[in-house]
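Pasted below: protein_24.pdb, PDB, C-alpha atoms, pLDDT in the B column.
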```pdb
ATOM      1  CA  MET A  15      -8.683   8.805  17.903  1.00 32.00           C
ATOM      2  CA  TYR A  16      -5.064   9.730  17.417  1.00 40.00           C
ATOM      3  CA  SER A  17      -3.530  12.976  18.659  1.00 46.00           C
ATOM      4  CA  ARG A  18      -0.809  14.164  16.295  1.00 52.00           C
ATOM      5  CA  SER A  19       1.678  16.916  17.064  1.00 56.00           C
ATOM      6  CA  ILE A  20       4.015  18.009  14.305  1.00 55.00           C
ATOM      7  CA  PHE A  21       6.577  20.743  14.954  1.00 55.00           C
ATOM      8  CA  HIS A  22       8.379  22.642  12.200  1.00 49.00           C
ATOM      9  CA  ARG A  23      11.615  24.604  12.143  1.00 46.00           C
ATOM     10  CA  GLU A  24      13.506  26.505   9.494  1.00 44.00           C
ATOM     11  CA  VAL A  25      16.331  24.946   7.497  1.00 44.00           C
ATOM     12  CA  ARG A  26      19.728  26.402   8.404  1.00 46.00           C
ATOM     13  CA  GLY A  27      21.802  26.678   5.267  1.00 50.00           C
ATOM     14  CA  GLY A  28      20.250  23.518   3.875  1.00 57.00           C
ATOM     15  CA  ARG A  29      20.950  21.580   7.092  1.00 72.00           C
ATOM     16  CA  LEU A  30      18.719  21.157  10.103  1.00 87.00           C
ATOM     17  CA  PHE A  31      21.026  19.617  12.691  1.00 95.00           C
ATOM     18  CA  GLU A  32      24.715  19.634  13.516  1.00 95.00           C
ATOM     19  CA  ASP A  33      24.584  15.948  14.456  1.00 96.00           C
ATOM     20  CA  ARG A  34      22.345  13.385  16.135  1.00 97.00           C
ATOM     21  CA  ALA A  35      23.039  14.845  19.586  1.00 97.00           C
ATOM     22  CA  ASP A  36      21.796  18.238  18.407  1.00 96.00           C
ATOM     23  CA  ALA A  37      18.660  16.607  16.991  1.00 96.00           C
ATOM     24  CA  ALA A  38      18.072  14.666  20.211  1.00 97.00           C
ATOM     25  CA  ARG A  39      18.261  17.799  22.330  1.00 96.00           C
ATOM     26  CA  GLU A  40      15.722  19.500  20.050  1.00 94.00           C
ATOM     27  CA  LEU A  41      13.427  16.478  20.342  1.00 96.00           C
ATOM     28  CA  ALA A  42      13.784  16.449  24.126  1.00 96.00           C
ATOM     29  CA  SER A  43      12.544  20.019  24.215  1.00 95.00           C
ATOM     30  CA  ALA A  44       9.541  19.135  22.048  1.00 95.00           C
ATOM     31  CA  LEU A  45       8.816  16.148  24.309  1.00 96.00           C
ATOM     32  CA  SER A  46       9.112  18.100  27.564  1.00 95.00           C
ATOM     33  CA  ALA A  47       5.559  17.159  28.579  1.00 95.00           C
ATOM     34  CA  TYR A  48       6.907  13.672  29.359  1.00 96.00           C
ATOM     35  CA  ARG A  49       9.754  14.892  31.577  1.00 95.00           C
ATOM     36  CA  SER A  50       9.900  13.114  34.962  1.00 88.00           C
ATOM     37  CA  LYS A  51       7.085  10.736  33.943  1.00 94.00           C
ATOM     38  CA  ASN A  52       9.508   7.834  33.512  1.00 96.00           C
ATOM     39  CA  PRO A  53       8.863   7.239  29.809  1.00 98.00           C
ATOM     40  CA  LEU A  54      10.395   4.220  28.134  1.00 98.00           C
ATOM     41  CA  VAL A  55      12.506   5.445  25.227  1.00 98.00           C
ATOM     42  CA  LEU A  56      12.902   2.783  22.562  1.00 98.00           C
ATOM     43  CA  ALA A  57      15.492   3.623  19.935  1.00 98.00           C
ATOM     44  CA  ILE A  58      15.710   2.012  16.504  1.00 97.00           C
ATOM     45  CA  PRO A  59      19.313   0.791  16.033  1.00 96.00           C
ATOM     46  CA  ARG A  60      21.764   1.762  15.207  1.00 95.00           C
ATOM     47  CA  GLY A  61      21.721   5.477  14.528  1.00 95.00           C
ATOM     48  CA  ALA A  62      18.982   6.416  16.973  1.00 97.00           C
ATOM     49  CA  VAL A  63      20.495   4.723  20.036  1.00 98.00           C
ATOM     50  CA  PRO A  64      22.805   7.654  21.006  1.00 97.00           C
ATOM     51  CA  MET A  65      19.787   9.908  20.519  1.00 98.00           C
ATOM     52  CA  GLY A  66      17.706   7.653  22.737  1.00 98.00           C
ATOM     53  CA  ARG A  67      20.309   7.943  25.491  1.00 97.00           C
ATOM     54  CA  ILE A  68      20.037  11.730  25.429  1.00 97.00           C
ATOM     55  CA  LEU A  69      16.231  11.627  25.381  1.00 98.00           C
ATOM     56  CA  ALA A  70      16.073   9.196  28.296  1.00 97.00           C
ATOM     57  CA  ASP A  71      18.469  11.348  30.320  1.00 96.00           C
ATOM     58  CA  GLU A  72      16.673  14.612  29.508  1.00 97.00           C
ATOM     59  CA  LEU A  73      13.208  13.204  30.206  1.00 97.00           C
ATOM     60  CA  GLY A  74      14.091  11.105  33.233  1.00 96.00           C
ATOM     61  CA  GLY A  75      13.180   7.838  31.526  1.00 97.00           C
ATOM     62  CA  GLU A  76      14.650   4.467  30.636  1.00 97.00           C
ATOM     63  CA  LEU A  77      16.427   3.428  27.441  1.00 97.00           C
ATOM     64  CA  ASP A  78      16.098   0.258  25.399  1.00 97.00           C
ATOM     65  CA  VAL A  79      15.900  -0.700  21.742  1.00 97.00           C
ATOM     66  CA  VAL A  80      13.100  -1.890  19.489  1.00 97.00           C
ATOM     67  CA  LEU A  81      14.566  -4.167  16.857  1.00 97.00           C
ATOM     68  CA  VAL A  82      13.368  -3.937  13.282  1.00 96.00           C
ATOM     69  CA  LYS A  83      15.050  -4.427   9.915  1.00 95.00           C
ATOM     70  CA  LYS A  84      14.131  -3.043   6.550  1.00 93.00           C
ATOM     71  CA  LEU A  85      13.330  -5.442   3.747  1.00 96.00           C
ATOM     72  CA  ARG A  86      15.693  -4.496   0.946  1.00 94.00           C
ATOM     73  CA  SER A  87      14.771  -3.877  -2.633  1.00 94.00           C
ATOM     74  CA  PRO A  88      16.293  -6.529  -4.937  1.00 94.00           C
ATOM     75  CA  SER A  89      17.746  -3.800  -7.159  1.00 91.00           C
ATOM     76  CA  SER A  90      18.857  -1.331  -4.456  1.00 89.00           C
ATOM     77  CA  PRO A  91      19.707  -2.646  -0.966  1.00 86.00           C
ATOM     78  CA  GLU A  92      19.446   0.834   0.570  1.00 85.00           C
ATOM     79  CA  PHE A  93      15.850   1.213  -0.602  1.00 88.00           C
ATOM     80  CA  ALA A  94      13.199  -0.317   1.684  1.00 90.00           C
ATOM     81  CA  VAL A  95      10.278  -2.295   0.286  1.00 94.00           C
ATOM     82  CA  GLY A  96       9.041  -3.082   3.782  1.00 93.00           C
ATOM     83  CA  ALA A  97      10.265  -3.896   7.275  1.00 94.00           C
ATOM     84  CA  ILE A  98      10.110  -6.750   9.756  1.00 96.00           C
ATOM     85  CA  GLU A  99      10.086  -6.862  13.569  1.00 94.00           C
ATOM     86  CA  GLU A 100      11.226  -9.528  16.015  1.00 93.00           C
ATOM     87  CA  SER A 101       7.959 -11.452  16.143  1.00 91.00           C
ATOM     88  CA  GLY A 102       8.180 -12.029  12.387  1.00 93.00           C
ATOM     89  CA  TRP A 103       5.411  -9.570  11.505  1.00 94.00           C
ATOM     90  CA  ALA A 104       6.312  -7.644   8.369  1.00 94.00           C
ATOM     91  CA  HIS A 105       4.947  -4.499   6.793  1.00 91.00           C
ATOM     92  CA  ILE A 106       5.143  -4.600   3.006  1.00 94.00           C
ATOM     93  CA  ALA A 107       5.196  -1.267   1.191  1.00 90.00           C
ATOM     94  CA  ASP A 108       2.744  -0.490  -1.582  1.00 90.00           C
ATOM     95  CA  HIS A 109       5.671   0.015  -3.944  1.00 91.00           C
ATOM     96  CA  ALA A 110       7.253  -3.400  -3.242  1.00 93.00           C
ATOM     97  CA  SER A 111       6.048  -5.149  -6.393  1.00 92.00           C
ATOM     98  CA  SER A 112       6.963  -2.234  -8.660  1.00 92.00           C
ATOM     99  CA  ALA A 113      10.469  -2.365  -7.131  1.00 92.00           C
ATOM    100  CA  GLY A 114      10.773  -6.015  -8.189  1.00 91.00           C
ATOM    101  CA  ALA A 115      10.043  -7.603  -4.803  1.00 93.00           C
ATOM    102  CA  ASP A 116       7.661 -10.464  -5.604  1.00 94.00           C
ATOM    103  CA  GLU A 117       6.355 -12.914  -3.016  1.00 93.00           C
ATOM    104  CA  THR A 118       9.183 -15.402  -3.574  1.00 95.00           C
ATOM    105  CA  TYR A 119      11.800 -12.705  -3.062  1.00 95.00           C
ATOM    106  CA  LEU A 120      10.019 -11.296  -0.007  1.00 96.00           C
ATOM    107  CA  ARG A 121       9.774 -14.725   1.620  1.00 95.00           C
ATOM    108  CA  THR A 122      13.554 -15.164   1.367  1.00 97.00           C
ATOM    109  CA  GLU A 123      14.266 -11.580   2.431  1.00 97.00           C
ATOM    110  CA  ARG A 124      11.969 -11.810   5.460  1.00 96.00           C
ATOM    111  CA  GLN A 125      13.769 -14.932   6.672  1.00 97.00           C
ATOM    112  CA  ALA A 126      17.204 -13.379   6.176  1.00 96.00           C
ATOM    113  CA  GLN A 127      16.301 -10.229   8.089  1.00 96.00           C
ATOM    114  CA  LEU A 128      14.555 -12.151  10.871  1.00 96.00           C
ATOM    115  CA  GLU A 129      17.740 -14.142  11.429  1.00 96.00           C
ATOM    116  CA  ALA A 130      19.696 -10.876  11.488  1.00 95.00           C
ATOM    117  CA  LEU A 131      17.319  -9.517  14.142  1.00 96.00           C
ATOM    118  CA  ARG A 132      17.823 -12.576  16.334  1.00 95.00           C
ATOM    119  CA  ALA A 133      21.599 -12.194  16.084  1.00 96.00           C
ATOM    120  CA  ARG A 134      21.322  -8.496  16.919  1.00 95.00           C
ATOM    121  CA  ARG A 135      19.220  -9.202  20.021  1.00 95.00           C
ATOM    122  CA  LYS A 136      21.821 -11.667  21.279  1.00 95.00           C
ATOM    123  CA  LEU A 137      24.545  -9.077  20.725  1.00 96.00           C
ATOM    124  CA  TYR A 138      22.760  -6.082  22.214  1.00 96.00           C
ATOM    125  CA  THR A 139      21.052  -7.477  25.331  1.00 93.00           C
ATOM    126  CA  PRO A 140      22.517 -10.940  25.949  1.00 90.00           C
ATOM    127  CA  ALA A 141      21.937 -10.963  29.696  1.00 84.00           C
ATOM    128  CA  ARG A 142      18.402  -9.610  29.966  1.00 90.00           C
ATOM    129  CA  ALA A 143      15.002  -9.526  28.356  1.00 90.00           C
ATOM    130  CA  PRO A 144      13.776  -6.371  26.590  1.00 93.00           C
ATOM    131  CA  LEU A 145      12.169  -3.833  28.939  1.00 95.00           C
ATOM    132  CA  ASP A 146       8.404  -4.304  29.073  1.00 96.00           C
ATOM    133  CA  PRO A 147       6.422  -1.431  27.493  1.00 97.00           C
ATOM    134  CA  GLY A 148       3.117  -2.699  28.896  1.00 97.00           C
ATOM    135  CA  GLY A 149       1.144   0.073  30.612  1.00 98.00           C
ATOM    136  CA  ARG A 150       3.862   2.672  30.041  1.00 98.00           C
ATOM    137  CA  THR A 151       4.318   5.776  27.957  1.00 98.00           C
ATOM    138  CA  VAL A 152       6.677   4.673  25.210  1.00 98.00           C
ATOM    139  CA  ILE A 153       8.602   6.997  22.909  1.00 98.00           C
ATOM    140  CA  VAL A 154       9.947   5.308  19.771  1.00 98.00           C
ATOM    141  CA  VAL A 155      12.753   7.391  18.276  1.00 98.00           C
ATOM    142  CA  ASP A 156      14.664   7.283  15.009  1.00 98.00           C
ATOM    143  CA  ASP A 157      17.068   9.764  13.425  1.00 97.00           C
ATOM    144  CA  GLY A 158      14.661  10.400  10.551  1.00 96.00           C
ATOM    145  CA  LEU A 159      11.982   8.892   8.330  1.00 95.00           C
ATOM    146  CA  ALA A 160      12.736   8.215   4.686  1.00 92.00           C
ATOM    147  CA  THR A 161      10.188   5.611   3.575  1.00 90.00           C
ATOM    148  CA  GLY A 162       8.863   5.124   7.129  1.00 93.00           C
ATOM    149  CA  GLU A 163       8.782   1.332   6.809  1.00 91.00           C
ATOM    150  CA  THR A 164      11.008   0.557   9.795  1.00 93.00           C
ATOM    151  CA  MET A 165       9.087   2.964  12.031  1.00 96.00           C
ATOM    152  CA  ILE A 166       5.787   1.321  11.090  1.00 95.00           C
ATOM    153  CA  ALA A 167       7.198  -2.094  12.038  1.00 95.00           C
ATOM    154  CA  ALA A 168       8.625  -0.683  15.274  1.00 97.00           C
ATOM    155  CA  LEU A 169       5.332   0.913  16.308  1.00 97.00           C
ATOM    156  CA  HIS A 170       3.469  -2.289  15.493  1.00 95.00           C
ATOM    157  CA  ALA A 171       5.884  -4.285  17.648  1.00 95.00           C
ATOM    158  CA  VAL A 172       5.436  -1.955  20.616  1.00 97.00           C
ATOM    159  CA  ARG A 173       1.650  -1.619  20.217  1.00 97.00           C
ATOM    160  CA  SER A 174       1.294  -5.403  20.529  1.00 95.00           C
ATOM    161  CA  ARG A 175       2.786  -5.109  24.045  1.00 96.00           C
ATOM    162  CA  LYS A 176      -0.010  -2.715  25.144  1.00 97.00           C
ATOM    163  CA  PRO A 177       1.664   0.568  26.138  1.00 98.00           C
ATOM    164  CA  SER A 178      -0.583   3.187  27.735  1.00 98.00           C
ATOM    165  CA  ARG A 179       0.610   5.774  25.186  1.00 97.00           C
ATOM    166  CA  LEU A 180       2.737   5.326  22.096  1.00 98.00           C
ATOM    167  CA  VAL A 181       4.710   8.277  20.732  1.00 97.00           C
ATOM    168  CA  CYS A 182       6.669   8.413  17.485  1.00 97.00           C
ATOM    169  CA  ALA A 183       9.521  10.945  17.707  1.00 97.00           C
ATOM    170  CA  VAL A 184      11.765  11.929  14.790  1.00 97.00           C
ATOM    171  CA  PRO A 185      13.766  15.065  13.987  1.00 95.00           C
ATOM    172  CA  VAL A 186      12.979  15.049  10.257  1.00 95.00           C
ATOM    173  CA  ALA A 187      10.727  13.134   7.895  1.00 95.00           C
ATOM    174  CA  ALA A 188       9.529  12.974   4.326  1.00 94.00           C
ATOM    175  CA  PRO A 189       5.986  14.416   4.448  1.00 93.00           C
ATOM    176  CA  ASP A 190       4.310  11.426   2.763  1.00 93.00           C
ATOM    177  CA  SER A 191       6.144   8.973   5.032  1.00 93.00           C
ATOM    178  CA  LEU A 192       5.054  10.846   8.144  1.00 94.00           C
ATOM    179  CA  ARG A 193       1.438  10.637   7.009  1.00 94.00           C
ATOM    180  CA  ARG A 194       1.769   6.872   6.521  1.00 93.00           C
ATOM    181  CA  VAL A 195       3.319   6.396   9.959  1.00 95.00           C
ATOM    182  CA  ALA A 196       0.898   8.597  11.921  1.00 95.00           C
ATOM    183  CA  PRO A 197      -1.995   6.091  12.259  1.00 95.00           C
ATOM    184  CA  TYR A 198       0.289   3.651  14.091  1.00 96.00           C
ATOM    185  CA  ALA A 199       1.013   6.051  16.992  1.00 97.00           C
ATOM    186  CA  ASP A 200      -1.038   7.974  19.531  1.00 96.00           C
ATOM    187  CA  GLU A 201       1.134  11.028  18.975  1.00 96.00           C
ATOM    188  CA  VAL A 202       3.722  12.023  16.382  1.00 95.00           C
ATOM    189  CA  VAL A 203       6.424  14.566  17.214  1.00 95.00           C
ATOM    190  CA  CYS A 204       8.442  15.648  14.191  1.00 95.00           C
ATOM    191  CA  LEU A 205      10.568  18.780  14.088  1.00 93.00           C
ATOM    192  CA  HIS A 206      10.623  19.265  10.338  1.00 92.00           C
ATOM    193  CA  THR A 207       9.004  17.862   7.169  1.00 91.00           C
ATOM    194  CA  PRO A 208      10.958  19.398   4.262  1.00 91.00           C
ATOM    195  CA  PRO A 209       9.364  19.012   0.842  1.00 88.00           C
ATOM    196  CA  ASP A 210      12.743  18.352  -0.827  1.00 88.00           C
ATOM    197  CA  PHE A 211      13.467  15.177   1.134  1.00 91.00           C
ATOM    198  CA  TYR A 212      15.888  12.698  -0.466  1.00 89.00           C
ATOM    199  CA  ALA A 213      17.709  11.037   2.442  1.00 92.00           C
ATOM    200  CA  VAL A 214      17.914  11.427   6.214  1.00 94.00           C
ATOM    201  CA  GLY A 215      21.613  12.332   6.164  1.00 94.00           C
ATOM    202  CA  GLN A 216      20.844  15.270   3.889  1.00 93.00           C
ATOM    203  CA  PHE A 217      19.670  17.267   6.917  1.00 94.00           C
ATOM    204  CA  TYR A 218      22.680  16.689   9.201  1.00 95.00           C
ATOM    205  CA  VAL A 219      26.044  18.410   9.022  1.00 94.00           C
ATOM    206  CA  SER A 220      27.622  15.303  10.593  1.00 95.00           C
ATOM    207  CA  PHE A 221      25.902  11.939  10.060  1.00 96.00           C
ATOM    208  CA  SER A 222      28.574   9.384  10.855  1.00 95.00           C
ATOM    209  CA  GLN A 223      27.715   5.713  11.151  1.00 95.00           C
ATOM    210  CA  VAL A 224      26.960   4.344  14.620  1.00 96.00           C
ATOM    211  CA  GLU A 225      28.702   1.015  15.208  1.00 96.00           C
ATOM    212  CA  ASP A 226      27.440  -2.015  17.133  1.00 96.00           C
ATOM    213  CA  GLU A 227      30.091  -1.500  19.804  1.00 96.00           C
ATOM    214  CA  GLU A 228      28.661   1.909  20.690  1.00 96.00           C
ATOM    215  CA  VAL A 229      25.130   0.512  20.856  1.00 97.00           C
ATOM    216  CA  VAL A 230      26.232  -2.324  23.141  1.00 96.00           C
ATOM    217  CA  GLY A 231      28.035   0.115  25.419  1.00 96.00           C
ATOM    218  CA  LEU A 232      25.079   2.481  25.685  1.00 96.00           C
ATOM    219  CA  LEU A 233      22.662  -0.339  26.483  1.00 95.00           C
ATOM    220  CA  ALA A 234      25.014  -1.870  29.038  1.00 93.00           C
ATOM    221  CA  ALA A 235      25.357   1.490  30.762  1.00 91.00           C
ATOM    222  CA  ALA A 236      21.581   1.940  30.733  1.00 87.00           C
ATOM    223  CA  ALA A 237      21.080  -1.458  32.337  1.00 78.00           C
TER
END
```

Structure re-expressed in C-alpha cells:
Amino acid sequence: MYSRSIFHREVRGGRLFEDRADAARELASALSAYRSKNPLVLAIPRGAVPMGRILADELGGELDVVLVKKLRSPSSPEFAVGAIEESGWAHIADHASSAGADETYLRTERQAQLEALRARRKLYTPARAPLDPGGRTVIVVDDGLATGETMIAALHAVRSRKPSRLVCAVPVAAPDSLRRVAPYADEVVCLHTPPDFYAVGQFYVSFSQVEDEEVVGLLAAAA
C-alpha cells in the first residue's frame, strides 16, 4: 500500500519559484522528516542535480544521479513518448502510437538513448560505481513533471535495487502525470499541481539550462 503526500502552494504572479535553488529549499522543508536519516538523494540530470545537492545538504544525505532518457516523439523531439533507464528497461506512454512512434521507430530510439545513457555515465562518474540504494531511503528528485515518463523510468530503476523506502520529490507537476507516477513510489511529495500546466519552465522565474560541466563538478564534490 502506497503512502502519498502531496503539498500545495499558491502561485505567485503566475510563477511558483524564483529558480531551482528556491524550489529545492521548499522541497527540503517538505521532506524534513528525512533530515539526519542519511537519505540517498538521486537527481535526474541535468536540471535536478543542483537541486539534489541542496536537498542532500539540507537533509544530511548523499547525492548521486539516476540516469534516464526520454524517448522522443518522431514529430517533436521535446515531447516524450516514453523513457528508458540504464538497464535497458523502457516505459512506453499510452500516447506513443498516436504520436507516430511505432514499434520500428521505438526500437531505434531506445537504442539511441541507451547509448546516450552509457556515454553520460562515463562522463558523470568515470571513477566509481553508482551509489547503492539497497536497503536505504531513496529520494528521487526532478525539477518538475510534464509527462512523467522519465520519473517512471527512474523510479523503476531504483526499485529494482531494493531500497527500503522510495520517495518521488518534485516542486511542480501536471496533475495527470503525478497520478501516473504515484504507483511507482512509496511516497510522493509535490509542492504544487497547477491545472494550467504546459511546461515545467512555466513555473520558474529563472529556468536556465544546467550544463554537463556543472553536473560533473557537483558529483565530483559529492564523492

Output check: residues returned by the PyMOL selection byres ((chain A and resi 138) around 12), as a PyMOL selection string: chain A and resi 59-60+63+78-81+131-137+139-144+225-237

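The two atoms in question, CA of Asp71 in chain A and CA of Ala47 in chain A, are spaced 14.3 Å apart.
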
Given the choices A:Asp190, A:Val184, A:Ser50, A:Val95, which gets closest to Leu205 in chain A if the distance is worked out from all atoms listed in the file?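 Selected residue with least distance to Leu205 in chain A: A:Val184.
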
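Nearest to Pro64 in chain A of all the residues A:Ala110, A:Asp146, A:Asp156, A:Ser89 is A:Asp156, counting only C-alpha atoms.
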
For CA of Gly96 in chain A and CA of Glu32 in chain A, determine how far apart the two atoms are, in Å to one decimal place. 29.3 Å

Identify all residues satisfying the PyMOL selection byres ((chain A and resi 53) around 12) in the given file; provide them as a PyMOL selection string. chain A and resi 42+45-52+54-56+66+69-78+145-154+177-181

For the PyMOL selection byres ((chain A and resi 40) around 12), applied here, can you spell out every residue it catches as a PyMOL selection string? chain A and resi 21-23+30-39+41-46+65+68-69+72+157+183-186+203-206

One number please: CA of Glu201 in chain A to CA of His109 in chain A, in Å, one decimal.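 Computed distance, CA of Glu201 in chain A to CA of His109 in chain A, equals 25.8 Å.
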
Add whatever atoms are absent from range 186-197 of chain A to reach N, CA, C and O atoms, and provide the output as an mmCIF file, in the coordinates of the input.
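The resulting selection.cif:
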```cif
data_model
loop_
_atom_site.group_PDB
_atom_site.id
_atom_site.type_symbol
_atom_site.label_atom_id
_atom_site.label_comp_id
_atom_site.auth_asym_id
_atom_site.auth_seq_id
_atom_site.Cartn_x
_atom_site.Cartn_y
_atom_site.Cartn_z
ATOM 1 N N VAL A 186 13.291 14.646 11.630
ATOM 2 C CA VAL A 186 12.979 15.049 10.257
ATOM 3 C C VAL A 186 12.338 13.876 9.532
ATOM 4 O O VAL A 186 12.641 12.714 9.813
ATOM 5 N N ALA A 187 11.428 14.192 8.618
ATOM 6 C CA ALA A 187 10.727 13.134 7.895
ATOM 7 C C ALA A 187 10.262 13.620 6.538
ATOM 8 O O ALA A 187 9.948 14.808 6.352
ATOM 9 N N ALA A 188 10.195 12.697 5.591
ATOM 10 C CA ALA A 188 9.529 12.974 4.326
ATOM 11 C C ALA A 188 8.040 13.133 4.621
ATOM 12 O O ALA A 188 7.467 12.311 5.354
ATOM 13 N N PRO A 189 7.388 14.166 4.105
ATOM 14 C CA PRO A 189 5.986 14.416 4.448
ATOM 15 C C PRO A 189 5.064 13.223 4.205
ATOM 16 O O PRO A 189 4.250 12.887 5.063
ATOM 17 N N ASP A 190 5.182 12.562 3.057
ATOM 18 C CA ASP A 190 4.310 11.426 2.763
ATOM 19 C C ASP A 190 4.560 10.277 3.734
ATOM 20 O O ASP A 190 3.620 9.587 4.150
ATOM 21 N N SER A 191 5.819 10.055 4.099
ATOM 22 C CA SER A 191 6.144 8.973 5.032
ATOM 23 C C SER A 191 5.560 9.241 6.408
ATOM 24 O O SER A 191 5.065 8.331 7.066
ATOM 25 N N LEU A 192 5.608 10.502 6.838
ATOM 26 C CA LEU A 192 5.054 10.846 8.144
ATOM 27 C C LEU A 192 3.551 10.592 8.170
ATOM 28 O O LEU A 192 3.019 10.093 9.161
ATOM 29 N N ARG A 193 2.878 10.895 7.078
ATOM 30 C CA ARG A 193 1.438 10.637 7.009
ATOM 31 C C ARG A 193 1.140 9.141 7.070
ATOM 32 O O ARG A 193 0.147 8.718 7.684
ATOM 33 N N ARG A 194 1.984 8.323 6.469
ATOM 34 C CA ARG A 194 1.769 6.872 6.521
ATOM 35 C C ARG A 194 2.001 6.314 7.921
ATOM 36 O O ARG A 194 1.326 5.381 8.355
ATOM 37 N N VAL A 195 2.963 6.891 8.627
ATOM 38 C CA VAL A 195 3.319 6.396 9.959
ATOM 39 C C VAL A 195 2.304 6.813 11.017
ATOM 40 O O VAL A 195 2.015 6.063 11.958
ATOM 41 N N ALA A 196 1.724 8.001 10.873
ATOM 42 C CA ALA A 196 0.898 8.597 11.921
ATOM 43 C C ALA A 196 -0.203 7.689 12.481
ATOM 44 O O ALA A 196 -0.418 7.678 13.692
ATOM 45 N N PRO A 197 -0.927 6.911 11.683
ATOM 46 C CA PRO A 197 -1.995 6.091 12.259
ATOM 47 C C PRO A 197 -1.515 5.003 13.221
ATOM 48 O O PRO A 197 -2.326 4.444 13.973
#
```
